[in-house]
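Here's query_0.pdb, which has PDB, C-alpha atoms and all ligand atoms:
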ATOM      1  CA  MET A 221     103.393 127.643 181.796  1.00  0.00           C
ATOM      2  CA  THR A 222     103.312 124.017 180.747  1.00  0.00           C
ATOM      3  CA  TYR A 223     102.126 120.690 182.005  1.00  0.00           C
ATOM      4  CA  VAL A 224     104.782 118.250 183.152  1.00  0.00           C
ATOM      5  CA  ILE A 225     105.014 114.456 183.331  1.00  0.00           C
ATOM      6  CA  SER A 226     106.621 113.331 186.564  1.00  0.00           C
ATOM      7  CA  GLU A 227     108.148 110.220 188.084  1.00  0.00           C
ATOM      8  CA  PRO A 228     105.078 107.967 188.464  1.00  0.00           C
ATOM      9  CA  CYS A 229     105.099 107.555 184.660  1.00  0.00           C
ATOM     10  CA  VAL A 230     108.519 105.863 184.747  1.00  0.00           C
ATOM     11  CA  ASP A 231     108.208 102.239 183.563  1.00  0.00           C
ATOM     12  CA  VAL A 232     104.401 102.618 183.277  1.00  0.00           C
ATOM     13  CA  LYS A 233     103.903 104.403 179.945  1.00  0.00           C
ATOM     14  CA  ASP A 234     100.314 103.326 179.238  1.00  0.00           C
ATOM     15  CA  LYS A 235      99.971 106.375 176.936  1.00  0.00           C
ATOM     16  CA  SER A 236      96.399 107.339 177.866  1.00  0.00           C
ATOM     17  CA  CYS A 237      97.628 110.928 177.862  1.00  0.00           C
ATOM     18  CA  VAL A 238      98.829 110.754 174.264  1.00  0.00           C
ATOM     19  CA  GLU A 239      95.385 109.848 173.004  1.00  0.00           C
ATOM     20  CA  VAL A 240      93.737 112.944 174.477  1.00  0.00           C
ATOM     21  CA  CYS A 241      96.332 115.620 173.769  1.00  0.00           C
ATOM     22  CA  PRO A 242      94.861 117.950 171.116  1.00  0.00           C
ATOM     23  CA  VAL A 243      98.241 119.191 169.891  1.00  0.00           C
ATOM     24  CA  ASP A 244     100.252 115.930 169.986  1.00  0.00           C
ATOM     25  CA  CYS A 245     102.911 117.404 172.235  1.00  0.00           C
ATOM     26  CA  ILE A 246     103.495 114.290 174.392  1.00  0.00           C
ATOM     27  CA  HIS A 247     106.406 112.291 173.046  1.00  0.00           C
ATOM     28  CA  GLU A 248     108.498 109.177 173.621  1.00  0.00           C
ATOM     29  CA  THR A 249     110.394 106.440 171.832  1.00  0.00           C
ATOM     30  CA  ASP A 250     110.878 102.775 172.685  1.00  0.00           C
ATOM     31  CA  ASP A 251     114.168 103.775 174.335  1.00  0.00           C
ATOM     32  CA  ASP A 252     112.396 105.972 176.886  1.00  0.00           C
ATOM     33  CA  ARG A 253     111.194 104.868 180.308  1.00  0.00           C
ATOM     34  CA  MET A 254     108.616 107.670 180.510  1.00  0.00           C
ATOM     35  CA  LEU A 255     106.824 110.180 178.309  1.00  0.00           C
ATOM     36  CA  TYR A 256     107.652 113.878 178.046  1.00  0.00           C
ATOM     37  CA  ILE A 257     105.582 116.986 177.331  1.00  0.00           C
ATOM     38  CA  ASP A 258     107.111 119.526 174.957  1.00  0.00           C
ATOM     39  CA  PRO A 259     106.807 122.809 176.888  1.00  0.00           C
ATOM     40  CA  ASP A 260     106.944 124.844 173.682  1.00  0.00           C
ATOM     41  CA  GLU A 261     103.917 123.044 172.209  1.00  0.00           C
ATOM     42  CA  CYS A 262     101.732 122.400 175.264  1.00  0.00           C
ATOM     43  CA  ILE A 263      98.679 124.682 175.264  1.00  0.00           C
ATOM     44  CA  ASP A 264      97.934 124.126 178.976  1.00  0.00           C
ATOM     45  CA  CYS A 265      94.523 122.600 178.327  1.00  0.00           C
ATOM     46  CA  GLY A 266      94.831 120.028 181.147  1.00  0.00           C
ATOM     47  CA  ALA A 267      93.110 117.288 179.125  1.00  0.00           C
ATOM     48  CA  CYS A 268      95.902 114.792 179.869  1.00  0.00           C
ATOM     49  CA  VAL A 269      95.669 115.003 183.661  1.00  0.00           C
ATOM     50  CA  ASP A 270      92.613 112.866 184.444  1.00  0.00           C
ATOM     51  CA  PRO A 271      93.312 109.986 182.020  1.00  0.00           C
ATOM     52  CA  CYS A 272      96.671 109.272 183.663  1.00  0.00           C
ATOM     53  CA  PRO A 273      96.143 106.214 185.895  1.00  0.00           C
ATOM     54  CA  VAL A 274      99.116 107.045 188.134  1.00  0.00           C
ATOM     55  CA  ASP A 275      98.599 110.828 188.548  1.00  0.00           C
ATOM     56  CA  ALA A 276     101.901 111.638 186.891  1.00  0.00           C
ATOM     57  CA  ILE A 277     100.807 114.852 185.137  1.00  0.00           C
ATOM     58  CA  TYR A 278     100.653 118.270 186.799  1.00  0.00           C
ATOM     59  CA  ALA A 279     100.618 121.877 185.780  1.00  0.00           C
ATOM     60  CA  ALA A 280     104.223 122.944 186.362  1.00  0.00           C
ATOM     61  CA  GLU A 281     103.336 125.240 189.258  1.00  0.00           C
ATOM     62  CA  ASP A 282     101.341 122.477 190.983  1.00  0.00           C
ATOM     63  CA  LEU A 283     104.067 119.830 190.952  1.00  0.00           C
ATOM     64  CA  PRO A 284     104.821 118.381 194.394  1.00  0.00           C
ATOM     65  CA  ALA A 285     108.170 119.675 195.649  1.00  0.00           C
ATOM     66  CA  GLU A 286     109.946 116.351 195.177  1.00  0.00           C
ATOM     67  CA  GLN A 287     108.793 116.201 191.542  1.00  0.00           C
ATOM     68  CA  GLN A 288     109.818 119.695 190.475  1.00  0.00           C
ATOM     69  CA  VAL A 289     113.004 118.407 188.887  1.00  0.00           C
ATOM     70  CA  TYR A 290     110.812 116.886 186.172  1.00  0.00           C
ATOM     71  CA  THR A 291     109.963 120.317 184.749  1.00  0.00           C
ATOM     72  CA  GLU A 292     113.590 120.616 183.726  1.00  0.00           C
ATOM     73  CA  ILE A 293     113.770 116.990 182.589  1.00  0.00           C
ATOM     74  CA  ASN A 294     110.698 117.299 180.319  1.00  0.00           C
ATOM     75  CA  SER A 295     112.236 120.389 178.746  1.00  0.00           C
ATOM     76  CA  LEU A 296     115.691 118.813 178.488  1.00  0.00           C
ATOM     77  CA  TYR A 297     114.286 115.853 176.554  1.00  0.00           C
ATOM     78  CA  PHE A 298     113.562 118.093 173.558  1.00  0.00           C
ATOM     79  CA  LYS A 299     117.137 119.412 173.522  1.00  0.00           C
ATOM     80  CA  ASP A 300     119.147 116.324 174.504  1.00  0.00           C
ATOM     81  CA  ARG A 301     117.253 113.050 174.818  1.00  0.00           C
ATOM     82  CA  ASP A 302     120.178 111.050 176.176  1.00  0.00           C
ATOM     83  CA  ALA A 303     120.795 113.608 178.910  1.00  0.00           C
ATOM     84  CA  ALA A 304     117.130 113.460 179.941  1.00  0.00           C
ATOM     85  CA  ARG A 305     117.234 109.660 179.999  1.00  0.00           C
ATOM     86  CA  ARG A 306     120.320 109.738 182.208  1.00  0.00           C
ATOM     87  CA  ARG A 307     118.600 112.094 184.644  1.00  0.00           C
ATOM     88  CA  VAL A 308     115.659 109.706 184.886  1.00  0.00           C
ATOM     89  CA  ASP A 309     117.971 106.725 185.428  1.00  0.00           C
ATOM     90  CA  ASP A 310     119.760 108.651 188.183  1.00  0.00           C
ATOM     91  CA  LEU A 311     116.496 109.425 189.948  1.00  0.00           C
ATOM     92  CA  ARG A 312     114.940 106.006 189.352  1.00  0.00           C
ATOM     93  CA  PRO A 313     117.667 103.390 188.820  1.00  0.00           C
ATOM     94  CA  ARG A 314     116.609 100.697 186.403  1.00  0.00           C
ATOM     95  CA  PRO A 315     115.270  97.531 188.038  1.00  0.00           C
ATOM     96  CA  ARG A 316     117.828  94.732 188.152  1.00  0.00           C
ATOM     97  CA  LEU A 317     117.015  91.278 186.824  1.00  0.00           C
ATOM     98  CA  PRO A 318     116.751  88.725 189.657  1.00  0.00           C
ATOM     99  CA  ASP A 319     119.680  86.688 188.301  1.00  0.00           C
ATOM    100  CA  ASN A 320     121.992  89.692 188.048  1.00  0.00           C
ATOM    101  CA  PRO A 321     124.163  89.733 191.175  1.00  0.00           C
ATOM    102  CA  VAL A 322     125.243  93.354 190.709  1.00  0.00           C
ATOM    103  CA  GLN A 323     123.124  95.673 192.852  1.00  0.00           C
ATOM    104  CA  ALA A 324     121.888  99.163 191.984  1.00  0.00           C
ATOM    105  CA  ASP A 325     124.816 100.677 193.885  1.00  0.00           C
ATOM    106  CA  GLY A 326     127.287  98.628 191.858  1.00  0.00           C
ATOM    107  CA  SER A 327     128.127  96.221 194.688  1.00  0.00           C
ATOM    108  CA  ARG A 328     127.796  92.472 194.409  1.00  0.00           C
ATOM    109  CA  ALA A 329     124.912  90.588 195.955  1.00  0.00           C
ATOM    110  CA  LYS A 330     125.784  88.921 199.256  1.00  0.00           C
ATOM    111  CA  ALA A 331     126.557  85.209 199.069  1.00  0.00           C
ATOM    112  CA  PRO A 332     124.027  82.902 200.743  1.00  0.00           C
ATOM    113  CA  ALA A 333     124.541  82.342 204.457  1.00  0.00           C
ATOM    114  CA  ALA A 334     127.341  79.920 205.278  1.00  0.00           C
ATOM    115  CA  SER A 335     126.155  76.343 205.665  1.00  0.00           C
ATOM    116  CA  GLY A 336     128.572  75.399 208.429  1.00  0.00           C
ATOM    117  CA  HIS A 337     131.553  74.455 206.328  1.00  0.00           C
ATOM    118  CA  SER A 338     133.476  76.034 203.508  1.00  0.00           C
ATOM    119  CA  VAL A 339     132.854  75.203 199.892  1.00  0.00           C
ATOM    120  CA  GLY A 340     135.089  72.287 198.900  1.00  0.00           C
ATOM    121  CA  GLU A 341     135.793  71.288 202.487  1.00  0.00           C
ATOM    122  CA  ALA A 342     134.579  67.843 203.559  1.00  0.00           C
ATOM    123  CA  PRO A 343     132.157  67.819 206.494  1.00  0.00           C
ATOM    124  CA  VAL A 344     133.840  66.863 209.765  1.00  0.00           C
ATOM    125  CA  ARG A 345     132.841  63.386 210.969  1.00  0.00           C
ATOM    126  CA  ARG A 346     132.304  62.963 214.665  1.00  0.00           C
TER     127      ARG A 346
HETATM  128  S1  LIG B 401      97.990 120.051 178.944  1.00  0.00           S
HETATM  129 FE1  LIG B 401      96.885 119.734 176.989  1.00  0.00          FE
HETATM  130  S2  LIG B 401      98.326 120.367 175.426  1.00  0.00           S
HETATM  131 FE2  LIG B 401      99.506 120.105 177.306  1.00  0.00          FE
HETATM  132  S3  LIG B 401     100.267 118.002 177.198  1.00  0.00           S
HETATM  133 FE3  LIG B 401      98.332 117.931 178.332  1.00  0.00          FE
HETATM  134  S4  LIG B 401      96.762 117.492 176.786  1.00  0.00           S
HETATM  135 FE4  LIG B 401      98.608 118.175 175.687  1.00  0.00          FE
HETATM  136  S1  LIG B 402      98.949 108.496 181.060  1.00  0.00           S
HETATM  137 FE1  LIG B 402     100.389 108.864 182.774  1.00  0.00          FE
HETATM  138  S2  LIG B 402     101.524 106.916 183.051  1.00  0.00           S
HETATM  139 FE2  LIG B 402     100.478 106.864 181.031  1.00  0.00          FE
HETATM  140  S3  LIG B 402     102.063 107.580 179.609  1.00  0.00           S
HETATM  141 FE3  LIG B 402     100.831 109.382 180.174  1.00  0.00          FE
HETATM  142  S4  LIG B 402     101.910 110.273 181.936  1.00  0.00           S
HETATM  143 FE4  LIG B 402     102.723 108.220 181.659  1.00  0.00          FE
END

Translate this file's structure into structure tokens.
Amino acid sequence: MTYVISEPCVDVKDKSCVEVCPVDCIHETDDDRMLYIDPDECIDCGACVDPCPVDAIYAAEDLPAEQQVYTEINSLYFKDRDAARRRVDDLRPRPRLPDNPVQADGSRAKAPAASGHSVGEAPVRR
């Protein structure tokens, strides 16, 4: 068994869990959007669960159904970091900057509502 970090950690990363882990098996780099538990090093002590402010950490068998994919993702991170990062981005697309018109689905943002006449067209005088 192992403990697993799940989706609520994404883009939070306050690292309270790292400070309490007795075997230093919770890892990340600045390129990561979440932290990952090495399943080969975790000793199942549960010390990291309560300090997490967003309840992201579960024993693998207690993960909510919709979070079970993170067992595989935590494990994958220690074999292929880029692949794990891509899985996280697929599940939780990165937030877009407000001035970026391209939406998460790749489409363009809608233009503002028409103002009554086309751009470049002189208003009609009555
Ligand atoms: S369960 Fe214990 S050993 Fe495993 S990640 Fe949490 S604090 Fe570390
Ligand atoms: S304490 Fe929770 S939110 Fe913070 S880094 Fe650890 S798992 Fe992520």

Please enclose the listed atoms of ligand LIG 402 (chain B) in an axis-aligned box, pad each side by 5 Å, and write out the centre and the three edge lengths in Å, rounded to one decimal, as JSON.
{"center_x": 100.8, "center_y": 108.6, "center_z": 181.3, "size_x": 13.8, "size_y": 13.4, "size_z": 13.4}

Wanna dump the chain A-ligand LIG 401 (chain B) contacts at 9 Å for me, each residue with its shortest atom pair and the distance in Å to one decimal, counting only C-alpha atoms and all ligand atoms, ordered by chain and number, as a Markdown table?
| residue | atom | partner | partner_atom | distance |
| --- | --- | --- | --- | --- |
| A:Thr222 | CA | B:LIG401 | FE2 | 6.5 |
| A:Tyr223 | CA | B:LIG401 | S1 | 5.2 |
| A:Val224 | CA | B:LIG401 | S3 | 7.5 |
| A:Ile225 | CA | B:LIG401 | S3 | 8.5 |
| A:Cys237 | CA | B:LIG401 | S4 | 6.7 |
| A:Val238 | CA | B:LIG401 | S4 | 7.5 |
| A:Glu239 | CA | B:LIG401 | S4 | 8.6 |
| A:Val240 | CA | B:LIG401 | S4 | 5.9 |
| A:Cys241 | CA | B:LIG401 | S4 | 3.6 |
| A:Pro242 | CA | B:LIG401 | FE4 | 5.9 |
| A:Val243 | CA | B:LIG401 | S2 | 5.7 |
| A:Asp244 | CA | B:LIG401 | FE4 | 6.3 |
| A:Cys245 | CA | B:LIG401 | FE4 | 5.6 |
| A:Ile246 | CA | B:LIG401 | S3 | 5.7 |
| A:Tyr256 | CA | B:LIG401 | S3 | 8.5 |
| A:Ile257 | CA | B:LIG401 | S3 | 5.4 |
| A:Asp258 | CA | B:LIG401 | S3 | 7.4 |
| A:Pro259 | CA | B:LIG401 | FE2 | 7.8 |
| A:Glu261 | CA | B:LIG401 | S2 | 7.0 |
| A:Cys262 | CA | B:LIG401 | FE2 | 3.8 |
| A:Ile263 | CA | B:LIG401 | S2 | 4.3 |
| A:Asp264 | CA | B:LIG401 | S1 | 4.1 |
| A:Cys265 | CA | B:LIG401 | FE1 | 3.9 |
| A:Gly266 | CA | B:LIG401 | S1 | 3.9 |
| A:Ala267 | CA | B:LIG401 | S4 | 4.3 |
| A:Cys268 | CA | B:LIG401 | S4 | 4.2 |
| A:Val269 | CA | B:LIG401 | FE3 | 6.6 |
| A:Ile277 | CA | B:LIG401 | FE3 | 7.9 |
| A:Tyr278 | CA | B:LIG401 | S1 | 8.5 |
| A:Ala279 | CA | B:LIG401 | S1 | 7.5 |

Next on the checklist: If the limit is 7 Å from any atom of ligand LIG 402 (chain B), counting all atoms listed in the file, which residues qualify? Return them as a PyMOL selection string.
Outcome noted: chain A and resi 225+228-230+232-238+254-255+271-277

Next on the checklist: If I take atom CA of Arg306 of chain A and atom CA of Thr291 of chain A, how far is one from the other in Å, to one decimal?
Outcome noted: 15.0 Å

Item to check | Point-to-point distance from atom CA of Ser226 of chain A to atom CA of Leu296 of chain A, Å rounded to tenths | outcome: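 Interatomic distance here is 13.3 Å.
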
Item to check | Length of the atom CA of Met221 of chain A to atom CA of Ala280 of chain A vector [Å] | outcome: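 Separation of atom CA of Met221 of chain A and atom CA of Ala280 of chain A: 6.6 Å.
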
Next on the checklist: Between A:Leu317, A:Arg301, A:Gln287, A:Glu281, which residue has the minimum interatomic distance to Glu227 of chain A, considering all atoms listed in the file?
Outcome noted: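 Distance minimum relative to Glu227 of chain A lands on A:Gln287.
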
Item to check | Counting only C-alpha atoms, the option among A:Asp270, A:Glu292, A:Asp309, A:Asp300 closest to Asp231 of chain A | outcome: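 The answer is A:Asp309, which sits nearest to Asp231 of chain A.
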
Next on the checklist: Which residues, named as in the file, does the PyMOL selection byres (((chain A and resi 308) around 10) and not hetatm) pick out? Answer as JSON, numbers by chain.
Outcome noted: {"A": [226, 227, 230, 252, 253, 254, 289, 290, 293, 302, 303, 304, 305, 306, 307, 309, 310, 311, 312, 313, 314]}
